[in-house]
Amino acid sequence: MTVTYDFTGYRAVVTGGASGIGLAAAERLAASSAQVVLWDSNSTLASEQADLLGDGVAWQQVDITDEASVAAATQTSCADGPVQILVNSAGIGGSGQATWECDVATWRRMIEVNLIGQFLVCRALCEQMMATGWGRIINIASVAGKEGNTNASSYSASKAGLIGLTKSLGKELIGSGVLANCICPAVIETPMIQQVTVEQLDYMTAKIPMGRIGTAEEVAALVAWLASPDCSFSTGAVYDISGGRATY
Ligand SMILES: NC(=O)c1ccc[n+]([C@@H]2O[C@H](COP(=O)([O-])OP(=O)(O)OC[C@H]3O[C@@H](n4cnc5c(N)ncnc54)[C@H](O)[C@@H]3O)[C@@H](O)[C@H]2O)c1
């Protein structure tokens with residue numbers, strides 16, 4: 001049984017909404033009557049997926065690492081009313097190299113997209129959520145940020161940073177009506193896993209006690225609850241969805 005929330009009248013921004021976890025979250029929110037805007041750098045995919053999702057789903061081309069792009073998208077998305085739900089899913093995958101083999105530009109790019117980009121989006125949308133007195137921010141981090149995956153130091157560091165950002169933001173927003181939480185998935189079946197080597201995928205899957213990788217729909221179910229008024233006593237929290245991998 002799929003739980004349906006009533007998000008009628010709610011407006012949601014989903015970064016990375018053209019693919020994978022973001023797309024599944026967008027679909028789940030739209031199925032519960034939210035108005036959803038996909039923010040994604042891949043305009044072709046975003047436009048195709050918004051069309052497939054149908055009425056109530058729009059898209060914007062946004063590079064979350066570009067402050068001006070995020071500001072312009074915020075202005076457009078908030079033109080018809082405030083955005084109450086942010087699902088921050090845009091991100092890039094790991095390099096598959098040992099730390100001493102990584103070049104600085106690749107390392108910096110990972111931090112730029114997975115941490116600074118997510119910071120820019122949180123910053124752009126949280127003030128108008130505070131002004132209306134209600135909001136839900138859900139950042140998609142990773143179990144790699146808690147444990148550190150082998151041959152993925154830039155990715156793991158970016159996600160550890162995102163966990164820290166969410167914990168600080170959650171505390172800063174106390175009393176505003178806006179909650180900020182993050183999710184730490186283990187391996188999830190999405191196009192992103194094509195960015196990692198077969199060895200890395202096997203290593204990560206072997207760490208999951210349930211013996212399988214997760215689905216984007218399973219993550220979307222957690223997103224939907226975190227976006228809903230049913231989530232009312234959690235903020236700055238880290239939610240695992242890892243088939244039993246996470247140990248703390
Ligand atoms: N798939 C997994 O195994 C897994 C596990 C843990 C965490 N995550 C995290 O979940 C999130 C979603 O991953 P996914 O698996 O759905 O990946 P995905 O590759 O399917 O989707 C990522 C989306 O982000 C978009 N994007 C990338 N850079 C962007 C930028 N600068 N600006 C705007 N959009 C940008 C891409 O175009 C793409 O549509 C990521 O943050 C990822 O790190 C994924």
# chains A, B, ... in the order shown; residues from 1 in each chain; ligands from 1
$ closest_atom_pairs --of "chain A" --to "ligand 1" --cutoff "7 Å" --atoms "only C-alpha atoms and all ligand atoms" --output "CSV"
residue,atom,partner,partner_atom_place_in_ligand_line,distance
A:Thr15,CA,ligand 1,34 (N),6.0
A:Gly16,CA,ligand 1,24 (O),3.5
A:Gly17,CA,ligand 1,39 (O),5.9
A:Ala18,CA,ligand 1,39 (O),4.4
A:Ser19,CA,ligand 1,39 (O),4.2
A:Gly20,CA,ligand 1,16 (O),3.3
A:Ile21,CA,ligand 1,16 (O),3.8
A:Gly22,CA,ligand 1,16 (O),5.6
A:Trp39,CA,ligand 1,33 (C),6.3
A:Asp40,CA,ligand 1,34 (N),3.8
A:Ser41,CA,ligand 1,33 (C),4.1
A:Asn42,CA,ligand 1,37 (O),4.7
A:Val62,CA,ligand 1,33 (C),5.3
A:Asp63,CA,ligand 1,32 (N),3.6
A:Ile64,CA,ligand 1,32 (N),4.1
A:Thr65,CA,ligand 1,31 (N),5.3
A:Ser89,CA,ligand 1,11 (C),4.3
A:Ala90,CA,ligand 1,24 (O),3.5
A:Gly91,CA,ligand 1,41 (O),3.7
A:Ile92,CA,ligand 1,27 (C),5.5
A:Gly93,CA,ligand 1,43 (O),5.9
A:Val113,CA,ligand 1,31 (N),5.3
A:Asn114,CA,ligand 1,41 (O),6.3
A:Gly117,CA,ligand 1,31 (N),6.8
A:Ile140,CA,ligand 1,10 (O),5.2
A:Ala141,CA,ligand 1,7 (C),5.5
A:Ser142,CA,ligand 1,6 (C),4.2
A:Val143,CA,ligand 1,6 (C),6.5
A:Cys184,CA,ligand 1,6 (C),6.2
A:Pro185,CA,ligand 1,6 (C),4.4
A:Ala186,CA,ligand 1,5 (C),5.0
A:Val187,CA,ligand 1,3 (O),3.5
A:Ile188,CA,ligand 1,3 (O),3.7
A:Glu189,CA,ligand 1,1 (N),5.7
A:Thr190,CA,ligand 1,15 (O),4.7
A:Pro191,CA,ligand 1,20 (O),4.3
A:Met192,CA,ligand 1,19 (O),3.8
A:Ile193,CA,ligand 1,1 (N),5.6
$ closest_atom_pairs --of "stretch 6-119 of chain A" --to "stretch 169-183 of chain A" --cutoff "12 Å" --atoms "only C-alpha atoms" --output "tab-separated table"
residue	atom	partner	partner_atom	distance
A:Ile21	CA	A:Ile183	CA	11.1
A:Val83	CA	A:Val178	CA	11.5
A:Gln84	CA	A:Val178	CA	8.7
A:Ile85	CA	A:Val178	CA	9.4
A:Leu86	CA	A:Ala180	CA	9.3
A:Val87	CA	A:Cys182	CA	9.4
A:Asn88	CA	A:Cys182	CA	9.1
A:Ser89	CA	A:Ile183	CA	9.9
A:Gln118	CA	A:Cys182	CA	11.5
A:Phe119	CA	A:Leu169	CA	9.8
$ write_last_selection --atoms "C-alpha atoms" --output "compact mmCIF listing (two decimals), in the first residue's frame"
# COMPACT_ATOMS: atom_id res chain seq x y z
CA ILE A 21 15.98 9.78 -6.48
CA VAL A 83 7.75 27.17 -2.01
CA GLN A 84 7.11 25.07 1.12
CA ILE A 85 9.07 21.91 0.25
CA LEU A 86 12.66 21.59 -0.94
CA VAL A 87 14.11 18.22 -1.89
CA ASN A 88 17.81 18.76 -2.57
CA SER A 89 18.83 15.74 -4.63
CA GLN A 118 23.17 22.34 -1.96
CA PHE A 119 24.11 25.19 0.40
$ closest_residue --among "A:Gly135, A:Gly236, A:Gly244, A:Gly214" --to "A:Tyr10" --atoms "only C-alpha atoms"
A:Gly135
$ residues_around --residues "A:Ala72" --least-positions-apart "4" --cutoff "12 Å" --atoms "only C-alpha atoms" --output "ChimeraX atom specification"
/A:39,60-64,66-68,76-79,121,124-125
$ residues_around --residues "stretch 27-30 of chain A" --least-positions-apart "5" --cutoff "7 Å" --atoms "only C-alpha atoms" --output "list in words"
Gln35, Val36, Leu53, Gly56, Ala220 and Ala224 of chain A
$ closest_residue --among "A:Asp51, A:Ser153, A:Thr99, A:Ala144" --to "A:Asp240" --atoms "only C-alpha atoms"
A:Ala144
$ select_by_dssp --residues "stretch 34-208 of chain A" --states "strand (DSSP E or B)" --output "MDAnalysis selection string"
chainID A and resid 35:40 57:61 85:88 135:140 178:185 188:189
$ closest_residue --among "A:Val70, A:Ala98, A:Ala24, A:Gly9" --to "A:Ala50" --atoms "only C-alpha atoms"
A:Ala24
$ select_by_dssp --residues "stretch 21-243 of chain A" --states "alpha helix (DSSP H)" --output "number ranges by chain"
A: 21-31, 43-53, 67-77, 104-111, 118-132, 144-147, 153-172, 198-206, 216-227
